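Trainee: Got a structure for you, written out below as structure tokens; questions coming shortly.
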There are 2 protein chains.
Amino acid sequence: MRKRATAKEVAEAAGVSKWTVIRAFKPGASITDEAKRKIMEAAEKLNYSPNLLARSLSTNVTHQVAVLVDDFANPQKLPFLESLTERLQAEGLVAMLININNHFDHVHALLNADQRLVDAIILLGTAFRDETLNDRRLGPGMPPMFVLARDSQIEGVPAVVCDSEVGLRDIVDHLHERGYRRPGFMTGASALSTALKRRHHFAEFWRQKGVDHIVDISAERYSHEDGAESARRYLQETPASERVDVLMCENDILAIGAMETARSEFGLRVPDDIAVVGFDNYELGGTPAFGLTTYEQPCREMVDLIVEMITGKREGETISLPGKLVVRSST
Amino acid sequence: MRKRATAKEVAEAAGVSKWTVIRAFKPGASITDEAKRKIMEAAEKLNYSPNLLARSLSTNVTHQVAVLVDDFANPQKLPFLESLTERLQAEGLVAMLININNHFDHVHALLNADQRLVDAIILLGTAFRDETLNDRRLGPGMPPMFVLARDSQIEGVPAVVCDSEVGLRDIVDHLHERGYRRPGFMTGASALSTALKRRHHFAEFWRQKGVDHIVDISAERYSHEDGAESARRYLQETPASERVDVLMCENDILAIGAMETARSEFGLRVPDDIAVVGFDNYELGGTPAFGLTTYEQPCREMVDLIVEMITGKREGETISLPGKLVVRSST
DNA sequence: TTGTAAGCGTTATCAA
DNA sequence: TTGATAACGCTTACAA
């Protein structure tokens, strides 16, 4: 077991008390330059740095934030993780990445984060069932929770999301203008509130344009294989004349899977035979091979807001940010 | 500030001493069933669970592992993060995700992990400069380090990597058999040892087949835009008759960028006019649009090995695992 | 089996 | 400015 130098040892080496050493490492503390110099010298020699664990035990602040993720198939997670860690670290916080996929019990993950005294818990786009938070194992004293990139109607849990209402209106406006009139909607896991909400807005805006019928297609999960598979099923069982002329998919990965199947297995031209729209603006959707029309989430701004809430620079509240319609060749 | 119940409070509620409470929460401890029952009851009522921070301070074991990542542009990071967190959590460990991109000082990240007393540090595919570890700020008592998915010739730092020698031999054998004779190699950041090594093996195996000249193309970073840009430059300044007939790219993302540019901007057919090979077997490379021939890293096995080393179930040593050639339509 | 004392390395608070 | 005391919540070792 490695051994770290302690403040006490540095104190002895520098000929002061350990409390003076502590002060030397505390930004605004009152200490003479001379004492500080001696201490820093001894500290460097002994390779001392404060033990953050002990500090946390005293202060009850860990500067750790748990980030719960359940869906690693969505490449959109990566830019979110990048921005999030970057912004957190800039605030002196560090992210504990917690995988809550099927293998793990969500409640257990929350309890574990609690036992580690994290300063906050972020649910990053997780398919969290609202009931989870009502589990009796979860006491009242949990760390503050925040939802990022997924709707939360959980009372008292602030969420920062991309405004699906504005987004879908923009999309439907665009599609209608382009002349599409037989829309379909592909969901990834339709039991989730986010999916339902997007589906709802999509239908609603089409209704306002006089289009009442939306074809529903559902994929199991948010992977391009599942997108491909559900598109395949739909195209197989639907004669060409009755097919949708535009397929809106809940995210880019599903859209790419659907688009690829339509093209390679059914010989359909995109967008002439069938147009495809995604959501998220995943990087590769923009390559010429796909040219996917999509809606871009304001990832950086969303992360900024969440981190401001966590650090207390901003009141915790649910915020919807508008994104940006990105029109490409698939529509 | 929220208040957690302590062992002492539970002890009072259950009418025992706090040490008995501790024992009730310690797996193999000697305690009567009756006492344990009473304690668990009181604990549940008070919503008590052990404070892991305090435990760590005493035991000097945090069950936390720092995972350093610098390149979030590579979607391959996601499956690695997924497997890694899954395996670590199965062992009762949790991952601290630390972003060490340009904005952050690598040495500082290491020191911070050290101050948090992490049990180990994993460098996940990071472009770590070997000098970093020689920084004088880094004392001898750092937590054990491990390199995952990138070569490390750092003394005493075990690495688990995909064997690039075997991989490149398989690739070159395949390409030669297909009749390609004018190979090119695209690196993402050629100063890195991994890139140099792959490039070296690629050239070496071609030499064994009697092909001595390799065209070098270098991209700035590992993004599909950079892959596209460097392919564009090369194709612009090279007459069709002198071009490579196969382009091996250091990873799939570069390959996809290059392939797309060749097709959409230069009207080249893949693989007839130019074949393209990637490395990693990134999920979307397999879609019909790309059909990218690539080499698959044994992600799960690699993670398994690293975690076994971390938990001490296996001696720490550098291990190269063979991957799997995945032949698709791009060659 | 259970209780006691000492210690982990810090911080907060107060006295000097 | 500095030193001392108590506390954070747990673990280990030992005694009852």
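Convention: chains lettered A, B, ... in structure tokens order; per-chain residue numbering from 1; ligands numbered from 1 as shown.
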Identify, on the basis of only C-alpha atoms (C1' of nucleotides), every residue whose closest approach to DA6 (chain C) does not exceed 12 Å; exclude the query and any residue fewer than 4 positions from it along the same chain; express the result as a list in words.

Mentor: DT11, DT12, DA13 and DC14 of chain D

Trainee: Could you save those same residues with N, CA and C atoms (P, O5', C5', C4', C3', O3' and C1' of nucleotides) as a PDB file, in the first residue's frame?

Mentor:
ATOM      1  P    DT D  11     -16.523   0.629   8.427  1.00  0.00           P
ATOM      2  O5'  DT D  11     -15.021   0.598   8.933  1.00  0.00           O
ATOM      3  C5'  DT D  11     -13.954   0.933   8.048  1.00  0.00           C
ATOM      4  C4'  DT D  11     -12.635   0.619   8.722  1.00  0.00           C
ATOM      5  C3'  DT D  11     -12.496  -0.828   9.187  1.00  0.00           C
ATOM      6  O3'  DT D  11     -11.222  -1.293   8.790  1.00  0.00           O
ATOM      7  C1'  DT D  11     -12.106   0.647  11.003  1.00  0.00           C
ATOM      8  P    DT D  12     -10.921  -2.829   8.803  1.00  0.00           P
ATOM      9  O5'  DT D  12      -9.757  -2.954   9.857  1.00  0.00           O
ATOM     10  C5'  DT D  12      -8.778  -1.926   9.967  1.00  0.00           C
ATOM     11  C4'  DT D  12      -8.089  -2.043  11.311  1.00  0.00           C
ATOM     12  C3'  DT D  12      -7.951  -3.471  11.822  1.00  0.00           C
ATOM     13  O3'  DT D  12      -6.587  -3.722  12.076  1.00  0.00           O
ATOM     14  C1'  DT D  12      -8.839  -2.044  13.505  1.00  0.00           C
ATOM     15  P    DA D  13      -6.059  -5.148  12.564  1.00  0.00           P
ATOM     16  O5'  DA D  13      -5.872  -4.913  14.127  1.00  0.00           O
ATOM     17  C5'  DA D  13      -5.310  -3.688  14.589  1.00  0.00           C
ATOM     18  C4'  DA D  13      -5.284  -3.707  16.100  1.00  0.00           C
ATOM     19  C3'  DA D  13      -5.084  -5.102  16.711  1.00  0.00           C
ATOM     20  O3'  DA D  13      -4.231  -4.991  17.844  1.00  0.00           O
ATOM     21  C1'  DA D  13      -7.113  -4.196  17.479  1.00  0.00           C
ATOM     22  P    DC D  14      -3.777  -6.338  18.622  1.00  0.00           P
ATOM     23  O5'  DC D  14      -4.585  -6.175  19.975  1.00  0.00           O
ATOM     24  C5'  DC D  14      -4.586  -4.911  20.630  1.00  0.00           C
ATOM     25  C4'  DC D  14      -5.693  -4.890  21.652  1.00  0.00           C
ATOM     26  C3'  DC D  14      -5.745  -6.132  22.563  1.00  0.00           C
ATOM     27  O3'  DC D  14      -5.718  -5.711  23.903  1.00  0.00           O
ATOM     28  C1'  DC D  14      -7.886  -5.583  21.766  1.00  0.00           C
TER      29       DC D  14
END

Trainee: Please check the contacts: residues of chain C at most 10 Å away from chain A, using only C-alpha atoms (C1' of nucleotides), listed as a list in words.

Mentor: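 Selected residues: DC8, DG9, DT10, DT11 and DA12 of chain C.
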
Trainee: Keeping N, CA, C and O atoms (P, O5', C5', C4', C3', O3' and C1' of nucleotides) for every residue in the selection just given, could you write it to a file as a PDB file, in the first residue's frame?

Mentor:
ATOM      1  P    DC C   8      -3.044   7.632  12.533  1.00  0.00           P
ATOM      2  O5'  DC C   8      -3.955   7.658  11.234  1.00  0.00           O
ATOM      3  C5'  DC C   8      -4.170   6.495  10.446  1.00  0.00           C
ATOM      4  C4'  DC C   8      -5.255   6.827   9.465  1.00  0.00           C
ATOM      5  C3'  DC C   8      -5.164   8.257   8.943  1.00  0.00           C
ATOM      6  O3'  DC C   8      -4.420   8.254   7.726  1.00  0.00           O
ATOM      7  C1'  DC C   8      -7.427   7.640   9.535  1.00  0.00           C
ATOM      8  P    DG C   9      -3.140   9.189   7.581  1.00  0.00           P
ATOM      9  O5'  DG C   9      -3.779  10.587   7.191  1.00  0.00           O
ATOM     10  C5'  DG C   9      -4.463  10.696   5.964  1.00  0.00           C
ATOM     11  C4'  DG C   9      -5.241  11.985   5.950  1.00  0.00           C
ATOM     12  C3'  DG C   9      -4.385  13.228   6.199  1.00  0.00           C
ATOM     13  O3'  DG C   9      -4.673  14.164   5.193  1.00  0.00           O
ATOM     14  C1'  DG C   9      -6.244  13.196   7.650  1.00  0.00           C
ATOM     15  P    DT C  10      -4.029  15.531   5.030  1.00  0.00           P
ATOM     16  O5'  DT C  10      -5.403  16.243   4.763  1.00  0.00           O
ATOM     17  C5'  DT C  10      -5.863  17.370   5.269  1.00  0.00           C
ATOM     18  C4'  DT C  10      -7.345  17.228   5.507  1.00  0.00           C
ATOM     19  C3'  DT C  10      -7.935  18.543   5.948  1.00  0.00           C
ATOM     20  O3'  DT C  10      -8.457  19.205   4.793  1.00  0.00           O
ATOM     21  C1'  DT C  10      -8.673  16.716   7.344  1.00  0.00           C
ATOM     22  P    DT C  11      -8.555  20.770   4.889  1.00  0.00           P
ATOM     23  O5'  DT C  11      -9.783  20.999   5.883  1.00  0.00           O
ATOM     24  C5'  DT C  11     -11.071  20.542   5.515  1.00  0.00           C
ATOM     25  C4'  DT C  11     -12.041  20.899   6.613  1.00  0.00           C
ATOM     26  C3'  DT C  11     -12.107  22.392   6.919  1.00  0.00           C
ATOM     27  O3'  DT C  11     -13.475  22.753   6.987  1.00  0.00           O
ATOM     28  C1'  DT C  11     -11.663  21.177   8.905  1.00  0.00           C
ATOM     29  P    DA C  12     -13.873  24.298   7.007  1.00  0.00           P
ATOM     30  O5'  DA C  12     -14.442  24.505   8.488  1.00  0.00           O
ATOM     31  C5'  DA C  12     -15.277  23.521   9.063  1.00  0.00           C
ATOM     32  C4'  DA C  12     -15.648  23.932  10.483  1.00  0.00           C
ATOM     33  C3'  DA C  12     -15.730  25.442  10.719  1.00  0.00           C
ATOM     34  O3'  DA C  12     -16.832  25.699  11.583  1.00  0.00           O
ATOM     35  C1'  DA C  12     -14.075  24.512  12.126  1.00  0.00           C
TER      36       DA C  12
END

Trainee: CA of Gly323 (chain B) to CA of Arg181 (chain B): how many Å, to one decimal?

Mentor: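 Atom-to-atom, CA of Gly323 (chain B) and CA of Arg181 (chain B) are spaced 24.1 Å apart.
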
Trainee: Could you pull out the alpha helix (DSSP H) residues of region 35-251 of chain B from DSSP and send them as a count of residues only?

Mentor: 88

Trainee: Since chain A and chain B share a sequence, can you fit the second onto the first over all C-alpha atoms in order and output it as a short mmCIF file (atom, residue, chain, number, x, y, z; two decimals) with C-alpha atoms, in the first residue's frame?

Mentor:
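Saved file part_34.cif follows:
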data_model
loop_
_atom_site.label_atom_id
_atom_site.label_comp_id
_atom_site.auth_asym_id
_atom_site.auth_seq_id
_atom_site.Cartn_x
_atom_site.Cartn_y
_atom_site.Cartn_z
CA MET B 1 -0.04 -0.01 -0.03
CA ARG B 2 1.40 3.31 -1.02
CA LYS B 3 1.90 5.91 1.64
CA ARG B 4 1.07 9.56 1.21
CA ALA B 5 2.69 12.25 3.29
CA THR B 6 0.35 13.95 5.74
CA ALA B 7 0.06 17.52 6.88
CA LYS B 8 1.53 16.49 10.20
CA GLU B 9 4.69 15.17 8.60
CA VAL B 10 5.09 18.30 6.56
CA ALA B 11 4.57 20.33 9.70
CA GLU B 12 7.38 18.52 11.48
CA ALA B 13 9.69 18.95 8.52
CA ALA B 14 8.90 22.65 8.31
CA GLY B 15 8.95 23.21 12.06
CA VAL B 16 5.38 24.42 12.37
CA SER B 17 2.11 22.94 13.53
CA LYS B 18 -0.01 20.91 11.18
CA TRP B 19 -2.74 23.54 11.20
CA THR B 20 -0.33 26.01 9.73
CA VAL B 21 0.33 23.54 6.97
CA ILE B 22 -3.38 23.28 6.32
CA ARG B 23 -3.54 27.05 6.05
CA ALA B 24 -0.70 27.12 3.60
CA PHE B 25 -2.84 25.06 1.27
CA LYS B 26 -5.98 27.04 1.81
CA PRO B 27 -6.36 29.94 -0.65
CA GLY B 28 -7.34 32.91 1.46
CA ALA B 29 -5.87 31.87 4.79
CA SER B 30 -3.79 34.14 6.96
CA ILE B 31 -0.21 33.02 7.05
CA THR B 32 3.16 34.69 6.69
CA ASP B 33 4.95 34.41 3.41
CA GLU B 34 7.93 33.01 5.20
CA ALA B 35 5.96 30.22 6.83
CA LYS B 36 4.24 29.42 3.58
CA ARG B 37 7.51 29.24 1.72
CA LYS B 38 9.05 26.87 4.23
CA ILE B 39 5.97 24.71 4.19
CA MET B 40 5.73 24.54 0.43
CA GLU B 41 9.36 23.57 0.29
CA ALA B 42 8.89 20.79 2.79
CA ALA B 43 5.70 19.72 1.05
CA GLU B 44 7.44 19.45 -2.27
CA LYS B 45 10.24 17.46 -0.77
CA LEU B 46 7.83 15.07 0.89
CA ASN B 47 5.55 15.08 -2.13
CA TYR B 48 2.65 16.18 -0.05
CA SER B 49 -0.75 17.16 -1.31
CA PRO B 50 -3.93 17.39 0.75
CA ASN B 51 -6.00 14.24 1.08
CA LEU B 52 -9.28 15.14 -0.53
CA LEU B 53 -11.02 12.22 1.09
CA ALA B 54 -10.31 13.45 4.57
CA ARG B 55 -11.29 16.93 3.52
CA SER B 56 -14.60 15.71 2.22
CA LEU B 57 -15.31 13.80 5.37
CA SER B 58 -14.91 16.98 7.32
CA THR B 59 -16.66 19.36 5.00
CA ASN B 60 -19.35 17.03 3.75
CA VAL B 61 -18.61 18.21 0.22
CA THR B 62 -16.98 15.81 -2.19
CA HIS B 63 -16.85 17.78 -5.41
CA GLN B 64 -17.99 14.60 -7.08
CA VAL B 65 -21.04 14.34 -9.28
CA ALA B 66 -22.58 11.03 -10.27
CA VAL B 67 -23.52 10.79 -13.94
CA LEU B 68 -25.93 7.96 -14.65
CA VAL B 69 -26.06 6.58 -18.17
CA ASP B 70 -28.04 3.65 -19.46
CA ASP B 71 -27.77 3.82 -23.22
CA PHE B 72 -24.28 3.60 -24.58
CA ALA B 73 -25.48 2.74 -28.07
CA ASN B 74 -26.31 6.34 -28.83
CA PRO B 75 -23.15 8.08 -30.02
CA GLN B 76 -24.74 11.34 -28.98
CA LYS B 77 -23.72 10.42 -25.46
CA LEU B 78 -20.12 11.15 -26.28
CA PRO B 79 -20.37 14.88 -26.96
CA PHE B 80 -22.55 15.20 -23.90
CA LEU B 81 -20.00 13.37 -21.77
CA GLU B 82 -17.24 15.47 -23.22
CA SER B 83 -18.94 18.79 -22.54
CA LEU B 84 -20.16 17.67 -19.18
CA THR B 85 -16.81 16.51 -17.87
CA GLU B 86 -15.18 19.60 -19.29
CA ARG B 87 -17.60 22.00 -17.64
CA LEU B 88 -17.66 20.10 -14.37
CA GLN B 89 -13.90 19.97 -14.18
CA ALA B 90 -13.69 23.67 -14.90
CA GLU B 91 -15.74 24.09 -11.75
CA GLY B 92 -13.51 21.79 -9.75
CA LEU B 93 -15.97 18.93 -9.93
CA VAL B 94 -15.35 15.46 -11.17
CA ALA B 95 -17.79 13.01 -12.76
CA MET B 96 -18.42 9.51 -11.52
CA LEU B 97 -19.66 7.63 -14.56
CA ILE B 98 -22.26 5.10 -13.51
CA ASN B 99 -23.61 2.52 -15.90
CA ILE B 100 -27.22 1.68 -15.18
CA ASN B 101 -28.00 -0.60 -18.07
CA ASN B 102 -30.07 -3.73 -17.63
CA HIS B 103 -27.45 -5.43 -15.54
CA PHE B 104 -27.71 -2.93 -12.77
CA ASP B 105 -30.37 -1.90 -10.34
CA HIS B 106 -31.16 1.78 -10.70
CA VAL B 107 -32.08 2.25 -7.08
CA HIS B 108 -28.88 0.60 -6.06
CA ALA B 109 -26.91 3.00 -8.23
CA LEU B 110 -28.61 5.96 -6.59
CA LEU B 111 -27.97 4.59 -3.14
CA ASN B 112 -24.37 3.99 -3.95
CA ALA B 113 -23.94 7.54 -5.19
CA ASP B 114 -25.57 8.69 -1.98
CA GLN B 115 -23.22 6.62 0.14
CA ARG B 116 -20.31 8.22 -1.62
CA LEU B 117 -21.77 11.60 -0.70
CA VAL B 118 -21.75 12.95 -4.23
CA ASP B 119 -22.75 16.59 -4.45
CA ALA B 120 -25.30 15.88 -7.17
CA ILE B 121 -26.68 13.19 -9.43
CA ILE B 122 -27.17 13.72 -13.14
CA LEU B 123 -29.38 11.45 -15.17
CA LEU B 124 -27.90 11.76 -18.63
CA GLY B 125 -30.56 10.93 -21.14
CA THR B 126 -31.56 7.88 -19.21
CA ALA B 127 -34.76 6.00 -19.67
CA PHE B 128 -35.57 6.44 -16.04
CA ARG B 129 -38.88 5.14 -14.87
CA ASP B 130 -40.53 7.67 -12.65
CA GLU B 131 -41.46 4.98 -10.15
CA THR B 132 -37.81 4.37 -9.49
CA LEU B 133 -37.62 7.52 -7.45
CA ASN B 134 -40.52 6.44 -5.32
CA ASP B 135 -38.75 3.32 -4.19
CA ARG B 136 -38.97 3.08 -0.45
CA ARG B 137 -35.27 2.33 -0.18
CA LEU B 138 -34.66 5.90 -1.27
CA GLY B 139 -34.83 8.15 1.75
CA PRO B 140 -35.51 11.86 1.77
CA GLY B 141 -31.85 12.85 2.09
CA MET B 142 -30.66 11.99 -1.39
CA PRO B 143 -28.23 14.30 -3.17
CA PRO B 144 -29.95 16.77 -5.49
CA MET B 145 -30.83 15.26 -8.83
CA PHE B 146 -30.87 16.71 -12.30
CA VAL B 147 -32.04 15.35 -15.60
CA LEU B 148 -30.09 16.18 -18.73
CA ALA B 149 -31.31 15.67 -22.26
CA ARG B 150 -34.51 13.91 -21.40
CA ASP B 151 -37.83 15.15 -20.15
CA SER B 152 -38.54 14.74 -16.49
CA GLN B 153 -41.91 15.28 -15.03
CA ILE B 154 -40.60 14.12 -11.71
CA GLU B 155 -41.60 16.66 -9.16
CA GLY B 156 -38.76 18.74 -7.86
CA VAL B 157 -36.22 17.31 -10.27
CA PRO B 158 -35.02 19.99 -12.66
CA ALA B 159 -34.37 18.97 -16.24
CA VAL B 160 -32.60 20.63 -19.11
CA VAL B 161 -33.88 19.45 -22.43
CA CYS B 162 -34.05 20.35 -26.03
CA ASP B 163 -37.50 21.73 -26.67
CA SER B 164 -39.20 18.99 -28.62
CA GLU B 165 -42.25 21.12 -29.29
CA VAL B 166 -40.34 23.83 -31.09
CA GLY B 167 -38.15 21.24 -32.75
CA LEU B 168 -40.99 19.21 -34.08
CA ARG B 169 -42.86 22.25 -35.28
CA ASP B 170 -39.82 23.33 -37.26
CA ILE B 171 -39.50 19.87 -38.68
CA VAL B 172 -43.14 19.53 -39.61
CA ASP B 173 -43.16 23.00 -41.16
CA HIS B 174 -40.19 22.03 -43.24
CA LEU B 175 -41.64 18.72 -44.31
CA HIS B 176 -44.98 20.23 -45.18
CA GLU B 177 -43.33 22.93 -47.21
CA ARG B 178 -41.39 20.30 -49.10
CA GLY B 179 -44.69 18.73 -50.03
CA TYR B 180 -44.71 15.61 -47.90
CA ARG B 181 -48.16 14.53 -46.79
CA ARG B 182 -47.96 10.98 -45.55
CA PRO B 183 -45.79 11.07 -42.43
CA GLY B 184 -44.59 8.20 -40.32
CA PHE B 185 -42.94 8.25 -36.93
CA MET B 186 -40.45 5.75 -35.62
CA THR B 187 -39.98 5.50 -31.87
CA GLY B 188 -37.15 3.75 -30.12
CA ALA B 189 -38.83 2.73 -26.91
CA SER B 190 -42.32 4.05 -27.02
CA ALA B 191 -43.14 3.58 -23.35
CA LEU B 192 -40.87 6.46 -22.48
CA SER B 193 -42.37 9.81 -21.87
CA THR B 194 -39.93 11.59 -24.17
CA ALA B 195 -40.86 9.37 -27.06
CA LEU B 196 -44.53 9.86 -26.41
CA LYS B 197 -44.09 13.59 -26.19
CA ARG B 198 -42.24 13.85 -29.47
CA ARG B 199 -44.75 11.59 -31.13
CA HIS B 200 -47.54 13.70 -29.71
CA HIS B 201 -46.16 16.97 -31.00
CA PHE B 202 -45.39 15.48 -34.37
CA ALA B 203 -48.99 14.36 -34.74
CA GLU B 204 -50.33 17.61 -33.38
CA PHE B 205 -48.47 19.80 -35.84
CA TRP B 206 -49.47 17.64 -38.76
CA ARG B 207 -53.04 17.86 -37.63
CA GLN B 208 -52.78 21.62 -37.74
CA LYS B 209 -51.77 21.22 -41.36
CA GLY B 210 -54.73 19.04 -42.06
CA VAL B 211 -52.94 15.72 -41.93
CA ASP B 212 -54.61 13.48 -39.41
CA HIS B 213 -52.99 10.13 -39.85
CA ILE B 214 -49.52 9.26 -38.64
CA VAL B 215 -48.09 5.84 -39.32
CA ASP B 216 -46.46 4.43 -36.22
CA ILE B 217 -43.38 2.29 -36.42
CA SER B 218 -41.54 1.18 -33.35
CA ALA B 219 -38.04 -0.10 -32.85
CA GLU B 220 -36.92 -2.02 -29.80
CA ARG B 221 -33.97 0.08 -28.84
CA TYR B 222 -32.03 3.04 -30.14
CA SER B 223 -29.61 1.21 -32.40
CA HIS B 224 -29.23 1.37 -36.13
CA GLU B 225 -29.91 -2.35 -36.37
CA ASP B 226 -33.22 -1.88 -34.65
CA GLY B 227 -34.00 1.06 -36.88
CA ALA B 228 -33.18 -1.08 -39.88
CA GLU B 229 -35.20 -4.02 -38.63
CA SER B 230 -38.34 -2.06 -37.94
CA ALA B 231 -38.09 -0.23 -41.26
CA ARG B 232 -37.66 -3.59 -42.95
CA ARG B 233 -40.78 -4.96 -41.32
CA TYR B 234 -42.78 -1.93 -42.29
CA LEU B 235 -41.60 -1.84 -45.88
CA GLN B 236 -42.18 -5.54 -46.34
CA GLU B 237 -45.72 -5.49 -45.19
CA THR B 238 -46.72 -2.25 -46.87
CA PRO B 239 -47.28 -1.96 -50.62
CA ALA B 240 -45.34 0.87 -52.22
CA SER B 241 -48.45 2.84 -53.00
CA GLU B 242 -49.50 2.95 -49.38
CA ARG B 243 -46.18 3.81 -47.81
CA VAL B 244 -45.32 6.96 -45.96
CA ASP B 245 -43.51 9.57 -47.99
CA VAL B 246 -41.50 10.78 -45.05
CA LEU B 247 -40.28 8.93 -42.01
CA MET B 248 -39.40 10.88 -38.90
CA CYS B 249 -37.21 8.89 -36.54
CA GLU B 250 -36.74 9.58 -32.90
CA ASN B 251 -33.01 9.87 -33.29
CA ASP B 252 -30.33 9.87 -35.95
CA ILE B 253 -29.18 6.36 -35.31
CA LEU B 254 -32.62 4.94 -35.96
CA ALA B 255 -32.87 7.18 -39.00
CA ILE B 256 -29.62 5.95 -40.45
CA GLY B 257 -30.65 2.35 -39.97
CA ALA B 258 -34.01 2.98 -41.62
CA MET B 259 -32.49 4.92 -44.48
CA GLU B 260 -29.94 2.26 -45.21
CA THR B 261 -32.52 -0.48 -45.29
CA ALA B 262 -34.84 1.49 -47.54
CA ARG B 263 -32.03 2.06 -49.97
CA SER B 264 -30.08 -1.13 -49.99
CA GLU B 265 -32.82 -3.69 -49.42
CA PHE B 266 -35.76 -2.06 -51.11
CA GLY B 267 -33.99 0.01 -53.71
CA LEU B 268 -35.78 3.14 -52.60
CA ARG B 269 -34.36 6.55 -53.35
CA VAL B 270 -34.03 9.04 -50.52
CA PRO B 271 -35.74 11.45 -50.49
CA ASP B 272 -37.67 10.81 -53.72
CA ASP B 273 -39.29 7.54 -52.70
CA ILE B 274 -39.07 8.10 -49.01
CA ALA B 275 -37.65 11.01 -47.06
CA VAL B 276 -36.02 10.47 -43.70
CA VAL B 277 -35.53 12.77 -40.74
CA GLY B 278 -33.57 12.16 -37.57
CA PHE B 279 -33.02 13.98 -34.32
CA ASP B 280 -29.76 14.97 -32.53
CA ASN B 281 -27.48 15.86 -35.44
CA TYR B 282 -25.12 13.05 -34.85
CA GLU B 283 -21.84 13.77 -36.56
CA LEU B 284 -21.85 11.03 -39.16
CA GLY B 285 -25.38 11.83 -40.23
CA GLY B 286 -23.84 14.78 -42.03
CA THR B 287 -21.63 12.77 -44.34
CA PRO B 288 -22.66 12.71 -47.99
CA ALA B 289 -23.63 9.05 -47.71
CA PHE B 290 -26.48 9.96 -45.42
CA GLY B 291 -27.10 13.67 -45.71
CA LEU B 292 -29.58 13.30 -42.93
CA THR B 293 -31.96 16.15 -42.17
CA THR B 294 -32.12 16.43 -38.44
CA TYR B 295 -32.56 18.65 -35.44
CA GLU B 296 -29.55 19.66 -33.44
CA GLN B 297 -29.68 19.76 -29.69
CA PRO B 298 -27.79 22.70 -28.15
CA CYS B 299 -25.51 20.34 -26.26
CA ARG B 300 -23.10 22.95 -24.90
CA GLU B 301 -25.78 25.31 -23.68
CA MET B 302 -27.68 22.49 -22.05
CA VAL B 303 -24.59 21.34 -20.21
CA ASP B 304 -23.79 24.89 -19.17
CA LEU B 305 -27.21 25.28 -17.62
CA ILE B 306 -27.07 22.00 -15.74
CA VAL B 307 -23.66 22.78 -14.33
CA GLU B 308 -24.79 26.23 -13.27
CA MET B 309 -27.68 24.68 -11.42
CA ILE B 310 -25.43 22.16 -9.76
CA THR B 311 -22.97 24.76 -8.59
CA GLY B 312 -25.81 26.89 -7.32
CA LYS B 313 -25.16 29.76 -9.69
CA ARG B 314 -28.64 29.33 -10.98
CA GLU B 315 -31.92 28.25 -9.52
CA GLY B 316 -32.82 24.65 -10.27
CA GLU B 317 -35.75 24.53 -12.68
CA THR B 318 -36.78 22.70 -15.78
CA ILE B 319 -35.64 24.46 -18.91
CA SER B 320 -36.35 23.74 -22.55
CA LEU B 321 -33.91 25.11 -25.06
CA PRO B 322 -34.66 25.45 -28.74
CA GLY B 323 -32.36 23.55 -31.05
CA LYS B 324 -31.63 24.04 -34.70
CA LEU B 325 -33.13 22.45 -37.76
CA VAL B 326 -30.42 21.08 -40.02
CA VAL B 327 -31.71 20.49 -43.51
CA ARG B 328 -29.77 18.14 -45.73
CA SER B 329 -30.43 15.96 -48.71
CA SER B 330 -32.59 13.32 -47.03
CA THR B 331 -35.67 15.55 -47.27
#

Trainee: Find the residues of chain D in contact range of chain A, meaning any atom within 10 Å when counting only C-alpha atoms (C1' of nucleotides), and list them as a ChimeraX atom specification.

Mentor: /D:1-4,7-9

Trainee: Write down as a short mmCIF file (atom, residue, chain, number, x, y, z; two decimals) with C-alpha atoms, in the first residue's frame the residues of region 52-284 of chain B whose backbone DSSP state falls under strand (DSSP E).

Mentor:
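New file part_15.cif:
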data_model
loop_
_atom_site.label_atom_id
_atom_site.label_comp_id
_atom_site.auth_asym_id
_atom_site.auth_seq_id
_atom_site.Cartn_x
_atom_site.Cartn_y
_atom_site.Cartn_z
CA GLN B 64 -12.77 4.24 -7.24
CA VAL B 65 -10.83 4.03 -10.46
CA ALA B 66 -9.90 7.07 -12.52
CA VAL B 67 -10.47 6.66 -16.25
CA LEU B 68 -8.62 9.26 -18.30
CA VAL B 69 -9.90 10.02 -21.77
CA VAL B 94 -16.76 2.81 -9.79
CA ALA B 95 -15.21 4.87 -12.58
CA MET B 96 -14.26 8.51 -12.28
CA LEU B 97 -14.36 9.81 -15.83
CA ILE B 98 -11.65 12.39 -16.32
CA ASN B 99 -11.42 14.49 -19.43
CA ALA B 120 -6.03 2.71 -9.94
CA ILE B 121 -5.73 4.94 -12.98
CA ILE B 122 -6.70 3.78 -16.44
CA LEU B 123 -5.52 5.61 -19.52
CA LEU B 124 -8.22 4.78 -22.03
CA MET B 145 -1.61 2.86 -13.70
CA PHE B 146 -2.87 0.84 -16.63
CA VAL B 147 -3.12 1.59 -20.30
CA LEU B 148 -6.10 0.32 -22.23
CA ALA B 159 -1.10 -2.16 -21.18
CA VAL B 160 -3.79 -4.21 -22.81
CA VAL B 161 -3.94 -3.64 -26.52
CA CYS B 162 -5.15 -5.13 -29.70
CA PRO B 183 -1.00 0.87 -50.66
CA GLY B 184 -1.38 4.09 -48.76
CA PHE B 185 -1.59 4.66 -45.04
CA MET B 186 -3.46 7.44 -43.31
CA THR B 187 -2.44 8.32 -39.76
CA VAL B 215 2.15 6.47 -49.61
CA ASP B 216 1.81 8.43 -46.40
CA ILE B 217 -1.18 10.61 -45.74
CA SER B 218 -1.71 12.28 -42.43
CA VAL B 246 -5.98 0.87 -51.42
CA LEU B 247 -5.98 3.25 -48.50
CA MET B 248 -5.53 1.87 -45.02
CA CYS B 249 -6.69 4.31 -42.36
CA ALA B 275 -10.30 0.46 -51.71
CA VAL B 276 -10.51 1.60 -48.12
CA VAL B 277 -9.74 -0.16 -44.86
#
